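Source file: entry-v5.cif (mmCIF, C-alpha atoms)
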data_upload
#
loop_
_atom_site.label_atom_id
_atom_site.label_comp_id
_atom_site.auth_asym_id
_atom_site.auth_seq_id
_atom_site.Cartn_x
_atom_site.Cartn_y
_atom_site.Cartn_z
CA MET S 1 -59.26 75.65 9.08
CA ASN S 2 -62.24 77.89 9.88
CA LEU S 3 -64.59 78.28 12.82
CA LYS S 4 -66.52 75.08 12.22
CA PRO S 5 -64.31 72.69 14.18
CA TRP S 6 -64.63 74.82 17.27
CA ILE S 7 -68.39 74.93 16.99
CA ALA S 8 -68.43 71.14 16.81
CA VAL S 9 -66.17 70.86 19.85
CA LEU S 10 -68.37 73.25 21.80
CA VAL S 11 -71.51 71.31 20.97
CA ALA S 12 -69.87 68.07 22.15
CA GLY S 13 -68.82 69.77 25.38
CA VAL S 14 -72.32 71.00 26.10
CA ALA S 15 -73.84 67.61 25.30
CA GLY S 16 -71.40 66.07 27.80
CA ALA S 17 -72.37 68.43 30.59
CA ALA S 18 -76.07 67.83 30.07
CA SER S 19 -76.18 64.23 31.26
CA ALA S 20 -73.51 63.74 33.90
CA GLN S 21 -73.57 61.64 37.05
CA ASP S 22 -76.79 61.61 39.08
CA SER S 23 -77.22 63.15 42.53
CA ASN S 24 -78.19 59.98 44.42
CA THR S 25 -76.56 59.13 47.73
CA LEU S 26 -75.39 55.64 48.64
CA SER S 27 -75.84 53.92 51.97
CA ILE S 28 -75.07 50.23 52.32
CA ASP S 29 -77.00 48.52 55.10
CA GLY S 30 -77.43 51.96 56.65
CA GLU S 31 -73.76 52.94 56.42
CA PRO S 32 -73.19 56.09 54.30
CA MET S 33 -70.62 55.91 51.49
CA VAL S 34 -68.67 58.80 49.99
CA THR S 35 -69.39 58.67 46.25
CA GLU S 36 -68.32 62.25 45.51
CA VAL S 37 -65.41 64.27 46.80
CA ALA S 38 -63.09 67.08 45.67
CA ALA S 39 -60.42 65.69 43.37
CA PRO S 40 -56.99 65.33 44.99
CA ALA S 41 -54.35 67.83 43.82
CA HIS S 42 -52.51 65.19 41.76
CA VAL S 43 -55.59 64.75 39.52
CA GLU S 44 -55.02 67.93 37.53
CA ASN S 45 -57.92 67.73 35.08
CA LEU S 46 -60.87 66.97 37.35
CA ASP S 47 -62.52 69.14 40.00
CA THR S 48 -64.64 66.42 41.56
CA ILE S 49 -64.31 62.67 41.56
CA TYR S 50 -67.30 60.33 41.55
CA SER S 51 -67.76 56.65 42.22
CA GLY S 52 -68.92 54.61 39.24
CA TRP S 53 -72.07 53.90 41.28
CA ARG S 54 -73.27 57.42 40.41
CA PHE S 55 -73.36 56.55 36.70
CA ARG S 56 -75.43 53.40 36.94
CA SER S 57 -79.19 52.95 36.57
CA ALA S 58 -81.46 53.11 39.63
CA GLU S 59 -82.04 49.34 39.41
CA THR S 60 -78.31 48.57 39.39
CA GLN S 61 -77.67 51.10 42.16
CA ALA S 62 -80.31 49.50 44.38
CA LEU S 63 -78.55 46.11 44.27
CA GLU S 64 -75.56 47.56 46.12
CA THR S 65 -77.51 49.13 48.99
CA ASP S 66 -78.26 45.87 50.79
CA ASP S 67 -75.87 42.95 51.14
CA PHE S 68 -78.80 40.56 50.94
CA ASP S 69 -79.63 41.88 47.46
CA ASN S 70 -76.01 42.24 46.33
CA PRO S 71 -75.25 39.24 44.09
CA ALA S 72 -71.54 39.55 44.88
CA PHE S 73 -72.15 38.14 48.36
CA VAL S 74 -72.51 34.62 46.99
CA PHE S 75 -68.83 34.95 46.17
CA VAL S 76 -67.94 36.62 49.46
CA ASP S 77 -69.41 33.50 51.13
CA GLN S 78 -67.14 31.36 48.96
CA GLY S 79 -64.27 33.55 50.15
CA ILE S 80 -65.20 32.86 53.77
CA ASP S 81 -65.06 29.11 53.10
CA LEU S 82 -61.74 29.44 51.30
CA PHE S 83 -60.32 31.47 54.17
CA ASP S 84 -60.71 28.45 56.46
CA LYS S 85 -59.76 25.83 53.89
CA VAL S 86 -56.47 24.02 54.43
CA ASP S 87 -54.43 23.84 51.24
CA GLY S 88 -50.81 23.05 50.31
CA THR S 89 -47.88 21.16 51.80
CA GLU S 90 -47.79 23.10 55.07
CA ASN S 91 -51.31 22.06 56.09
CA LYS S 92 -52.42 25.62 56.61
CA ALA S 93 -55.41 27.75 55.80
CA CYS S 94 -55.46 31.57 55.71
CA SER S 95 -57.08 31.44 59.13
CA SER S 96 -54.16 29.46 60.57
CA CYS S 97 -52.19 32.73 60.69
CA HIS S 98 -54.92 35.37 60.26
CA GLU S 99 -57.37 34.54 63.00
CA ASN S 100 -59.92 37.21 62.12
CA VAL S 101 -60.49 38.39 58.59
CA GLU S 102 -61.66 41.68 60.15
CA ASP S 103 -58.02 42.39 60.93
CA PHE S 104 -57.62 43.28 57.27
CA ALA S 105 -59.70 46.44 57.74
CA GLY S 106 -57.89 49.28 55.98
CA LEU S 107 -55.70 47.12 53.75
CA ARG S 108 -57.78 47.71 50.60
CA THR S 109 -57.37 51.49 50.93
CA GLN S 110 -53.55 51.24 50.78
CA LEU S 111 -53.05 48.90 47.83
CA PRO S 112 -51.14 48.69 45.61
CA ARG S 113 -48.06 49.61 47.67
CA VAL S 114 -44.32 49.16 47.45
CA GLN S 115 -42.75 46.31 49.44
CA ASP S 116 -39.06 45.44 49.13
CA GLY S 117 -38.78 47.66 46.06
CA GLU S 118 -41.68 46.01 44.25
CA LEU S 119 -45.17 47.26 43.64
CA VAL S 120 -47.60 44.70 45.09
CA THR S 121 -51.36 44.35 44.80
CA MET S 122 -53.75 42.39 46.99
CA GLU S 123 -53.52 39.48 44.55
CA ASN S 124 -49.73 39.44 45.01
CA LEU S 125 -50.06 39.40 48.81
CA ILE S 126 -52.57 36.54 48.69
CA ASN S 127 -50.44 34.46 46.34
CA ASP S 128 -47.28 35.15 48.35
CA CYS S 129 -49.04 33.70 51.38
CA ARG S 130 -50.20 30.72 49.39
CA THR S 131 -46.85 29.85 47.85
CA GLU S 132 -44.50 30.85 50.69
CA ARG S 133 -46.42 30.07 53.86
CA MET S 134 -48.94 27.45 52.77
CA GLY S 135 -46.92 25.61 50.13
CA ALA S 136 -49.95 25.87 47.87
CA GLU S 137 -50.35 26.70 44.19
CA PRO S 138 -50.88 30.38 43.39
CA TRP S 139 -54.36 31.32 42.27
CA LYS S 140 -54.94 32.70 38.78
CA TRP S 141 -55.28 36.50 38.85
CA SER S 142 -58.91 36.86 37.82
CA LYS S 143 -60.38 33.41 38.51
CA GLY S 144 -63.06 32.57 41.04
CA PRO S 145 -61.01 31.74 44.16
CA MET S 146 -58.87 34.88 43.82
CA THR S 147 -61.75 37.31 43.23
CA ALA S 148 -63.73 35.67 46.06
CA MET S 149 -60.78 36.26 48.40
CA THR S 150 -60.07 39.84 47.23
CA ALA S 151 -63.79 40.57 47.70
CA LEU S 152 -63.80 39.16 51.25
CA ILE S 153 -60.61 40.99 52.27
CA GLY S 154 -61.61 44.21 50.48
CA LEU S 155 -65.01 44.15 52.18
CA GLN S 156 -63.28 44.61 55.54
CA SER S 157 -62.36 48.15 54.39
CA ARG S 158 -65.78 49.06 53.07
CA GLY S 159 -66.67 52.66 53.86
CA MET S 160 -63.04 53.65 54.46
CA PRO S 161 -61.46 56.23 52.14
CA MET S 162 -59.11 55.19 49.35
CA ASN S 163 -55.65 56.37 50.31
CA VAL S 164 -52.67 54.93 48.42
CA THR S 165 -49.15 56.28 48.81
CA ILE S 166 -47.85 57.88 45.63
CA ASP S 167 -44.62 59.55 46.75
CA GLY S 168 -41.26 58.18 47.88
CA GLU S 169 -40.61 54.67 46.59
CA ALA S 170 -44.04 54.61 44.94
CA ALA S 171 -43.36 57.66 42.76
CA PRO S 172 -41.77 55.93 39.74
CA PHE S 173 -44.57 53.34 39.65
CA TRP S 174 -47.18 56.08 39.90
CA GLU S 175 -45.51 58.01 37.05
CA GLN S 176 -45.52 54.88 34.91
CA GLY S 177 -49.22 54.41 35.59
CA LYS S 178 -49.97 58.01 34.75
CA GLU S 179 -48.07 57.72 31.49
CA LEU S 180 -50.10 54.63 30.55
CA TYR S 181 -53.34 56.41 31.45
CA TYR S 182 -52.67 59.13 28.91
CA THR S 183 -51.15 56.96 26.15
CA ARG S 184 -53.29 56.14 23.11
CA VAL S 185 -53.30 52.50 22.05
CA GLY S 186 -55.07 50.13 19.70
CA GLN S 187 -56.55 50.45 16.24
CA LEU S 188 -59.05 52.93 17.72
CA ASP S 189 -56.10 54.91 19.07
CA MET S 190 -57.58 55.90 22.42
CA SER S 191 -56.22 56.47 25.92
CA CYS S 192 -58.03 55.88 29.23
CA SER S 193 -58.37 59.65 29.56
CA ASN S 194 -60.22 60.06 26.25
CA CYS S 195 -63.27 58.32 27.69
CA HIS S 196 -62.95 58.44 31.47
CA GLU S 197 -61.57 61.95 31.96
CA ASP S 198 -62.72 63.90 28.88
CA ASN S 199 -66.11 62.25 28.38
CA TYR S 200 -67.37 60.79 31.64
CA GLY S 201 -71.08 61.32 32.12
CA VAL S 202 -72.05 60.84 28.48
CA MET S 203 -73.36 57.75 26.75
CA ILE S 204 -71.09 55.64 24.55
CA ARG S 205 -73.69 53.57 22.77
CA ALA S 206 -75.61 51.84 25.62
CA ASP S 207 -73.01 52.53 28.29
CA HIS S 208 -72.88 55.54 30.57
CA LEU S 209 -69.20 56.50 30.78
CA SER S 210 -67.90 56.80 34.33
CA GLN S 211 -64.59 58.16 35.58
CA GLY S 212 -63.25 54.60 35.68
CA GLN S 213 -62.78 54.63 39.45
CA ILE S 214 -61.64 51.35 41.01
CA ASN S 215 -62.91 51.84 44.58
CA GLY S 216 -65.52 49.08 44.23
CA PHE S 217 -63.40 46.19 42.95
CA PRO S 218 -63.68 43.33 42.57
CA THR S 219 -67.01 44.28 41.09
CA TYR S 220 -69.99 42.10 40.28
CA ARG S 221 -71.06 42.81 36.71
CA LEU S 222 -74.58 41.99 35.60
CA LYS S 223 -73.08 41.53 32.15
CA ASN S 224 -71.16 38.38 33.09
CA ALA S 225 -72.69 37.51 36.49
CA LYS S 226 -69.38 37.15 38.31
CA LEU S 227 -66.79 39.13 40.19
CA ASN S 228 -64.40 41.02 37.93
CA SER S 229 -60.85 41.88 38.90
CA ILE S 230 -59.31 45.29 38.30
CA HIS S 231 -56.81 43.95 35.77
CA GLY S 232 -59.54 41.92 34.08
CA ARG S 233 -61.48 45.14 33.57
CA PHE S 234 -58.40 46.89 32.14
CA LYS S 235 -58.06 44.02 29.71
CA GLY S 236 -61.68 44.38 28.60
CA CYS S 237 -61.23 48.10 27.98
CA MET S 238 -58.09 47.53 25.91
CA LYS S 239 -59.80 44.90 23.77
CA ASN S 240 -62.70 47.29 23.17
CA ILE S 241 -60.32 49.75 21.58
CA ARG S 242 -58.71 46.89 19.66
CA ALA S 243 -55.45 47.01 21.60
CA THR S 244 -53.39 44.03 22.73
CA PRO S 245 -53.91 44.02 26.51
CA PHE S 246 -51.01 44.01 28.91
CA ALA S 247 -50.70 40.91 31.11
CA GLU S 248 -52.85 40.60 34.23
CA GLY S 249 -50.48 40.93 37.17
CA GLY S 250 -47.81 42.52 34.95
CA ASP S 251 -45.88 45.69 35.72
CA GLU S 252 -47.99 47.89 33.42
CA PHE S 253 -51.36 46.97 34.94
CA LYS S 254 -50.00 47.14 38.50
CA ALA S 255 -48.70 50.66 37.81
CA LEU S 256 -52.00 51.65 36.20
CA GLU S 257 -53.86 50.23 39.21
CA LEU S 258 -51.78 52.40 41.55
CA TYR S 259 -52.42 55.49 39.44
CA LEU S 260 -56.17 54.84 39.23
CA ALA S 261 -56.39 54.10 42.96
CA SER S 262 -54.77 57.50 43.55
CA ARG S 263 -57.33 59.19 41.29
CA GLY S 264 -60.00 57.86 43.65
CA GLU S 265 -58.41 59.24 46.83
CA GLY S 266 -61.16 59.99 49.36
CA LEU S 267 -63.88 57.84 47.78
CA SER S 268 -65.20 55.06 50.02
CA VAL S 269 -64.17 51.51 49.33
CA GLU S 270 -67.38 49.89 48.03
CA THR S 271 -66.04 46.37 47.62
CA PRO S 272 -67.82 44.33 46.38
CA SER S 273 -69.71 46.78 44.16
CA VAL S 274 -72.38 46.04 41.56
CA ARG S 275 -72.12 47.42 38.04
CA ASN S 276 -73.64 46.61 34.65
CA MET J 1 -58.48 60.31 -37.86
CA LYS J 2 -57.81 56.74 -36.92
CA TYR J 3 -54.75 57.88 -34.97
CA VAL J 4 -56.72 60.52 -33.10
CA LEU J 5 -59.45 58.07 -32.08
CA GLY J 6 -56.88 55.59 -30.86
CA GLY J 7 -55.24 58.30 -28.82
CA ALA J 8 -58.55 59.31 -27.23
CA PHE J 9 -59.30 55.69 -26.43
CA ALA J 10 -55.92 55.25 -24.78
CA VAL J 11 -56.45 58.38 -22.69
CA ALA J 12 -59.88 57.17 -21.59
CA MET J 13 -58.46 53.76 -20.60
CA THR J 14 -55.67 55.30 -18.59
CA ALA J 15 -58.05 57.63 -16.83
CA SER J 16 -60.48 54.89 -15.83
CA ALA J 17 -57.65 52.64 -14.67
CA ALA J 18 -56.32 55.44 -12.50
CA PHE J 19 -59.74 56.12 -11.04
CA ALA J 20 -60.42 52.47 -10.33
CA GLU J 21 -57.28 52.26 -8.24
CA GLU J 22 -57.82 52.85 -4.55
CA ILE J 23 -55.81 55.44 -2.75
CA LYS J 24 -53.86 53.65 -0.02
CA PRO J 25 -54.33 54.94 3.55
CA THR J 26 -50.80 56.33 3.63
CA ALA J 27 -51.25 58.09 0.26
CA VAL J 28 -54.35 60.13 1.11
CA SER J 29 -53.66 63.81 0.56
CA PHE J 30 -55.13 66.26 3.07
CA VAL J 31 -55.56 70.00 2.66
CA ASP J 32 -56.49 71.69 5.95
CA GLY J 33 -58.00 68.42 7.12
CA THR J 34 -60.09 67.94 3.99
CA VAL J 35 -59.77 65.27 1.27
CA GLU J 36 -60.94 66.43 -2.12
CA GLN J 37 -60.42 63.27 -4.15
CA SER J 38 -62.57 60.16 -3.80
CA LEU J 39 -60.58 57.30 -2.27
CA THR J 40 -61.91 54.86 -4.85
CA GLY J 41 -62.76 56.96 -7.89
CA GLN J 42 -66.25 55.50 -7.60
CA ALA J 43 -69.32 57.16 -6.20
CA GLY J 44 -70.23 56.04 -2.69
CA ASP J 45 -73.49 54.18 -2.08
CA PRO J 46 -75.53 56.00 0.61
CA ALA J 47 -77.64 52.91 1.38
CA GLU J 48 -74.48 50.88 2.09
CA GLY J 49 -73.06 53.80 4.03
CA ARG J 50 -76.10 53.83 6.28
CA LYS J 51 -75.44 50.16 7.13
CA VAL J 52 -71.73 50.77 7.74
CA PHE J 53 -72.62 53.73 10.00
CA ALA J 54 -74.80 51.55 12.24
CA ASN J 55 -72.84 48.27 12.13
CA ARG J 56 -70.96 47.70 15.40
CA LYS J 57 -68.20 45.76 13.63
CA GLN J 58 -67.75 48.40 10.94
CA GLY J 59 -68.23 52.14 11.47
CA ASN J 60 -70.10 51.79 14.76
CA CYS J 61 -70.60 55.55 14.40
CA LEU J 62 -73.70 55.34 16.62
CA ALA J 63 -71.42 54.50 19.53
CA CYS J 64 -70.60 58.19 19.75
CA HIS J 65 -73.09 60.10 17.54
CA THR J 66 -76.87 60.41 17.72
CA ASN J 67 -78.61 60.22 14.36
CA ALA J 68 -82.37 60.68 13.96
CA ASP J 69 -82.24 58.96 10.55
CA LEU J 70 -81.38 55.72 12.38
CA ALA J 71 -84.16 55.97 14.96
CA GLU J 72 -84.83 52.23 14.59
CA GLU J 73 -81.44 51.51 16.22
CA SER J 74 -81.44 51.79 19.99
CA PHE J 75 -78.68 53.41 22.08
CA HIS J 76 -77.12 56.32 20.25
CA GLY J 77 -73.96 57.64 21.90
CA GLU J 78 -73.29 61.24 22.87
CA VAL J 79 -69.52 61.53 22.79
CA GLY J 80 -69.41 63.40 19.47
CA PRO J 81 -71.76 65.91 17.86
CA PRO J 82 -75.20 64.81 16.56
CA MET J 83 -75.34 63.81 12.89
CA ASP J 84 -78.68 65.47 12.11
CA GLY J 85 -78.08 68.07 9.40
CA VAL J 86 -74.39 67.21 9.19
CA ALA J 87 -74.46 67.82 5.41
CA ASP J 88 -75.62 71.39 6.02
CA ARG J 89 -72.52 72.04 8.11
CA TRP J 90 -69.82 70.23 6.12
CA ASN J 91 -69.13 69.67 2.43
CA GLU J 92 -68.04 66.41 0.82
CA ALA J 93 -64.28 67.04 1.05
CA GLU J 94 -64.57 68.02 4.70
CA LEU J 95 -66.65 64.94 5.54
CA ARG J 96 -64.22 62.68 3.68
CA GLY J 97 -61.35 64.20 5.63
CA ILE J 98 -63.13 63.79 8.96
CA VAL J 99 -64.06 60.14 8.34
CA THR J 100 -60.64 59.27 6.92
CA ASN J 101 -58.63 60.82 9.75
CA SER J 102 -60.34 63.44 11.85
CA LYS J 103 -57.10 64.19 13.72
CA MET J 104 -55.99 66.10 10.62
CA MET J 105 -58.76 68.60 11.31
CA PHE J 106 -59.38 68.31 15.06
CA GLU J 107 -56.09 67.94 16.88
CA GLY J 108 -56.33 65.61 19.86
CA THR J 109 -59.84 64.39 19.07
CA ILE J 110 -61.05 61.11 20.59
CA MET J 111 -62.52 60.15 17.20
CA PRO J 112 -60.71 57.19 15.63
CA ALA J 113 -59.25 57.53 12.15
CA PHE J 114 -61.24 55.18 9.94
CA TYR J 115 -58.78 54.95 7.07
CA VAL J 116 -55.36 54.68 8.67
CA ASP J 117 -53.55 51.35 8.73
CA LYS J 118 -50.37 52.09 10.67
CA GLY J 119 -48.93 54.31 13.34
CA TYR J 120 -51.14 53.17 16.22
CA GLU J 121 -49.61 51.27 19.17
CA ARG J 122 -50.29 47.68 20.31
CA PRO J 123 -53.15 46.83 17.93
CA LEU J 124 -54.82 43.47 18.52
CA GLU J 125 -53.29 41.01 16.09
CA ASP J 126 -56.46 40.71 13.99
CA PHE J 127 -56.43 44.44 13.29
CA ALA J 128 -52.70 45.10 12.88
CA GLY J 129 -51.86 46.78 9.60
CA LYS J 130 -55.52 47.28 8.77
CA SER J 131 -57.77 50.31 8.63
CA ILE J 132 -61.14 50.23 10.42
CA LEU J 133 -63.01 50.76 7.12
CA THR J 134 -62.11 50.04 3.50
CA ALA J 135 -61.78 52.87 1.00
CA GLN J 136 -65.18 51.97 -0.45
CA GLN J 137 -66.80 51.93 2.99
CA VAL J 138 -65.42 55.41 3.68
CA GLU J 139 -66.90 56.62 0.39
CA ASP J 140 -70.23 54.94 1.23
CA VAL J 141 -70.35 56.61 4.64
CA VAL J 142 -69.48 60.01 3.11
CA ALA J 143 -72.25 59.54 0.53
CA TYR J 144 -74.66 58.65 3.34
CA LEU J 145 -73.65 61.63 5.49
CA LEU J 146 -74.27 63.92 2.52
CA THR J 147 -77.95 62.85 2.62
CA LEU J 148 -78.35 64.06 6.23
CA LYS J 149 -79.77 67.54 5.59
CA GLU J 150 -82.19 69.59 7.62
CA GLN J 151 -82.29 72.79 5.58
#
Let me see the file written as structure tokens.
Amino acid sequence: MNLKPWIAVLVAGVAGAASAQDSNTLSIDGEPMVTEVAAPAHVENLDTIYSGWRFRSAETQALETDDFDNPAFVFVDQGIDLFDKVDGTENKACSSCHENVEDFAGLRTQLPRVQDGELVTMENLINDCRTERMGAEPWKWSKGPMTAMTALIGLQSRGMPMNVTIDGEAAPFWEQGKELYYTRVGQLDMSCSNCHEDNYGVMIRADHLSQGQINGFPTYRLKNAKLNSIHGRFKGCMKNIRATPFAEGGDEFKALELYLASRGEGLSVETPSVRN
Amino acid sequence: MKYVLGGAFAVAMTASAAFAEEIKPTAVSFVDGTVEQSLTGQAGDPAEGRKVFANRKQGNCLACHTNADLAEESFHGEVGPPMDGVADRWNEAELRGIVTNSKMMFEGTIMPAFYVDKGYERPLEDFAGKSILTAQQVEDVVAYLLTLKEQ
């Protein structure tokens, strides 16, 4: 109509720039983490990508710098026990085949990936082992045993850069994830990008909006005092905007996970991270 | 004379009935993003509007806008412009348009439409077919916003 809308938009833009991510650096038990890096070429609308750690309060940040202080390690310990626990008809534990959990170093950086034409996440790989090799029941996607195991296995890649494959067989899944990222849903009619690309760094009520990076998952949230899966977090976001969430472990969330992992290319794996 | 009075009475009745009828979300008429006509035909209540503005289950406007008039509420968001002096910058029809459906004025805005009950994808069941605010709540918020003057 007249100039007013553009003034309002400008003011919002300036307000956003004023309170962005902080300039703190993260080392965990002395090992430096990359929490800021130039955005990869396939992330067209960002110049720099930042770990969610950079948007948290000093108190929350401190909890992640030392594994002794990190509350997620209670669950990592549970994962260690589960790794050796025999379960199912074949009388096997994870450790019956995978002698050292350290051998999983690097796996977190590459997931999700395409195997036999399907996009698979770490949860899929774990449950495939359980059902096909152990003869055990699959674990529920976001429940305690699964998040304990994804934390333990993800931890083996801590400090390594996120690096999922997005071309070749992965391309159609990546495109689907990108489409979902930019699609508005729910009664509040918002897309992921509205908050996490256009408005990261500003406060939405009491929460400091991050870029929604997933390099630290599963993440221990002070809010619910447990490990939270990637898909569980997607679900929470969708409910916040009054949208019916997609299913955990479903094609939509797996595709979105691949796309988001690619938006974090170069950030260190921080698993298991601490957030509020 | 009797006939004339009866006619006037009938006109008055019709007018008040028309005014008392809410404008449905799909029937709101926009001109350049503004909405001239009250959605309810009744004046909004600024005191109620102030409550709707702050209430997390209603307007939850503080999620995105700072507002010095609500200093007693903690955590004001910064996604949208501050509300201080908003009535100096916008008139009633503009504010009604922005609260009703700001996308009619600001293309691509993140701001939700508060009086739209269809057209959005995958709403949670409890909210399907409903607008975020009622017509009266929109009018109350508009009346409240009109009190936020600095000049």
Skip range 72-81 of chain J itself and residues of its chain fewer than 4 positions away, then list as JSON, numbers by chain all residues within 6 Å of it, counting only C-alpha atoms.
-> {"S": [12, 202, 203, 204, 205, 206], "J": [62, 63, 64, 65, 66]}
Excluding Val31 in chain J and residues on its chain fewer than 6 positions from it, collect all residues at most 10 Å away from it, counting all atoms listed in the file, and give them as a list in words.
->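 Here the qualifying residues turn out to be Met1 of chain S; Ala93, Glu94, Gly97, Met104 and Met105 of chain J.
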Just to be explicit: take each residue in the selection above, keep C-alpha atoms, and write the result as an mmCIF file, in the frame of the given file.
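File selection.cif, as written:
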data_model
loop_
_atom_site.group_PDB
_atom_site.id
_atom_site.type_symbol
_atom_site.label_atom_id
_atom_site.label_comp_id
_atom_site.auth_asym_id
_atom_site.auth_seq_id
_atom_site.Cartn_x
_atom_site.Cartn_y
_atom_site.Cartn_z
ATOM 1 C CA MET S 1 -59.260 75.650 9.080
ATOM 2 C CA ALA J 93 -64.280 67.040 1.050
ATOM 3 C CA GLU J 94 -64.570 68.020 4.700
ATOM 4 C CA GLY J 97 -61.350 64.200 5.630
ATOM 5 C CA MET J 104 -55.990 66.100 10.620
ATOM 6 C CA MET J 105 -58.760 68.600 11.310
#
Tell me, as a PyMOL selection string, which residues lie within 10 Å of range 40-52 of chain J, counting only C-alpha atoms; anything in the same chain fewer than 2 positions away does not count.
-> chain J and resi 16-24+37-38+54-61+69-70+133-147
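For the structure shown here, the set of residues caught by the PyMOL selection byres ((chain J and resi 116) around 6) is J:Pro25, J:Ala113, J:Tyr115, J:Asp117, J:Lys118, J:Ser131.
Residue nearest chain S, chosen from J:Thr26, J:Gln151, J:Thr34, J:Thr100 and counting only C-alpha atoms: J:Thr34.
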Work out how far CA of Thr35 in chain S is from CA of Phe55 in chain S, in Å to one decimal.
->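 A separation of 10.6 Å between them.
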The PyMOL selection byres ((chain S and resi 30) around 12) resolved against shown file, as a PyMOL selection string = chain S and resi 25-29+31-33+64-67+159
Which of S:Trp141, S:Lys85, S:Asn224, S:Thr165 sits closest to Ala247 in chain S [using only C-alpha atoms] |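 With only C-alpha atoms as the atom set, the closest residue is S:Trp141.
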Can you turn the PyMOL selection byres ((chain S and resi 36-41) around 7) into a concrete residue list for this file, as a PyMOL selection string?
-> chain S and resi 34-35+42-44+46-51+265-267
Would you export the selected residues with C-alpha atoms as a JSON list (two decimals), keeping the file's coordinate frame, please?
[["chain", "number", "residue", "atom", "x", "y", "z"],
["S", 34, "VAL", "CA", -68.67, 58.80, 49.99],
["S", 35, "THR", "CA", -69.39, 58.67, 46.25],
["S", 42, "HIS", "CA", -52.51, 65.19, 41.76],
["S", 43, "VAL", "CA", -55.59, 64.75, 39.52],
["S", 44, "GLU", "CA", -55.02, 67.93, 37.53],
["S", 46, "LEU", "CA", -60.87, 66.97, 37.35],
["S", 47, "ASP", "CA", -62.52, 69.14, 40.00],
["S", 48, "THR", "CA", -64.64, 66.42, 41.56],
["S", 49, "ILE", "CA", -64.31, 62.67, 41.56],
["S", 50, "TYR", "CA", -67.30, 60.33, 41.55],
["S", 51, "SER", "CA", -67.76, 56.65, 42.22],
["S", 265, "GLU", "CA", -58.41, 59.24, 46.83],
["S", 266, "GLY", "CA", -61.16, 59.99, 49.36],
["S", 267, "LEU", "CA", -63.88, 57.84, 47.78]]
Quote the spacing between CA of Ala151 in chain S and CA of Thr271 in chain S in Å to one decimal place.
-> 6.2 Å
Would you mind reading off the distance between CA of Asp128 in chain S and CA of Gly168 in chain S, one decimal, in Å?
-> 23.8 Å
Return as AutoDock Vina command-line options the centre and edge lengths, in Å with one decimal, of the box along x, y and z that encloses every atom of range 80-88 of chain J in the file, padded by 5 Å per side.
--center_x -74.0 --center_y 67.4 --center_z 12.4 --size_x 19.3 --size_y 18.0 --size_z 24.1
Find the residue from S:Ile80, S:Ala243, S:Cys192, S:Leu209 that sits nearest to chain J; use all atoms listed in the file when measuring.
->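 When distances to chain J are compared using all atoms listed in the file, the smallest one comes from S:Ala243.
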Using all atoms listed in the file, which of S:Leu152, S:Val120, S:Met134, S:Ala170 sits nearest Ala105 in chain S?
->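 Answer, going by the shortest atom-to-atom distance: S:Leu152.
Residue nearest chain S within the list J:Gly129, J:Asp32, J:Gly119, J:Val99: J:Asp32 [criterion: smallest interatomic distance, only C-alpha atoms].
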Exercise: Gly236 in chain S partners within 12 Å, only C-alpha atoms, chain neighbours under 6 positions left out, as a compact mmCIF listing (two decimals) with C-alpha atoms, in the coordinates of the input:
# COMPACT_ATOMS: atom_id res chain seq x y z
CA ASN S 228 -64.40 41.02 37.93
CA SER S 229 -60.85 41.88 38.90
CA ILE S 230 -59.31 45.29 38.30
CA ARG S 242 -58.71 46.89 19.66
CA ALA S 243 -55.45 47.01 21.60
CA THR S 244 -53.39 44.03 22.73
CA PRO S 245 -53.91 44.02 26.51
CA PHE S 246 -51.01 44.01 28.91
CA ALA S 247 -50.70 40.91 31.11
CA GLU S 248 -52.85 40.60 34.23
When you look at Asn100 in chain S with a cut-off of 10 Å (counting all atoms listed in the file), what residues show up, excluding the ones that are within fewer than 5 positions of it in the same chain? I need them as a short mmCIF file (atom, residue, chain, number, x, y, z; two decimals) with C-alpha atoms, keeping the file's coordinate frame.
data_model
loop_
_atom_site.label_atom_id
_atom_site.label_comp_id
_atom_site.auth_asym_id
_atom_site.auth_seq_id
_atom_site.Cartn_x
_atom_site.Cartn_y
_atom_site.Cartn_z
CA PHE S 83 -60.32 31.47 54.17
CA CYS S 94 -55.46 31.57 55.71
CA SER S 95 -57.08 31.44 59.13
#
Nearest residue to Phe75 in chain S from the set S:Arg233, S:Arg56, S:Arg113, S:Lys226 (distances using only C-alpha atoms) =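 The answer is S:Lys226, which sits nearest to Phe75 in chain S.
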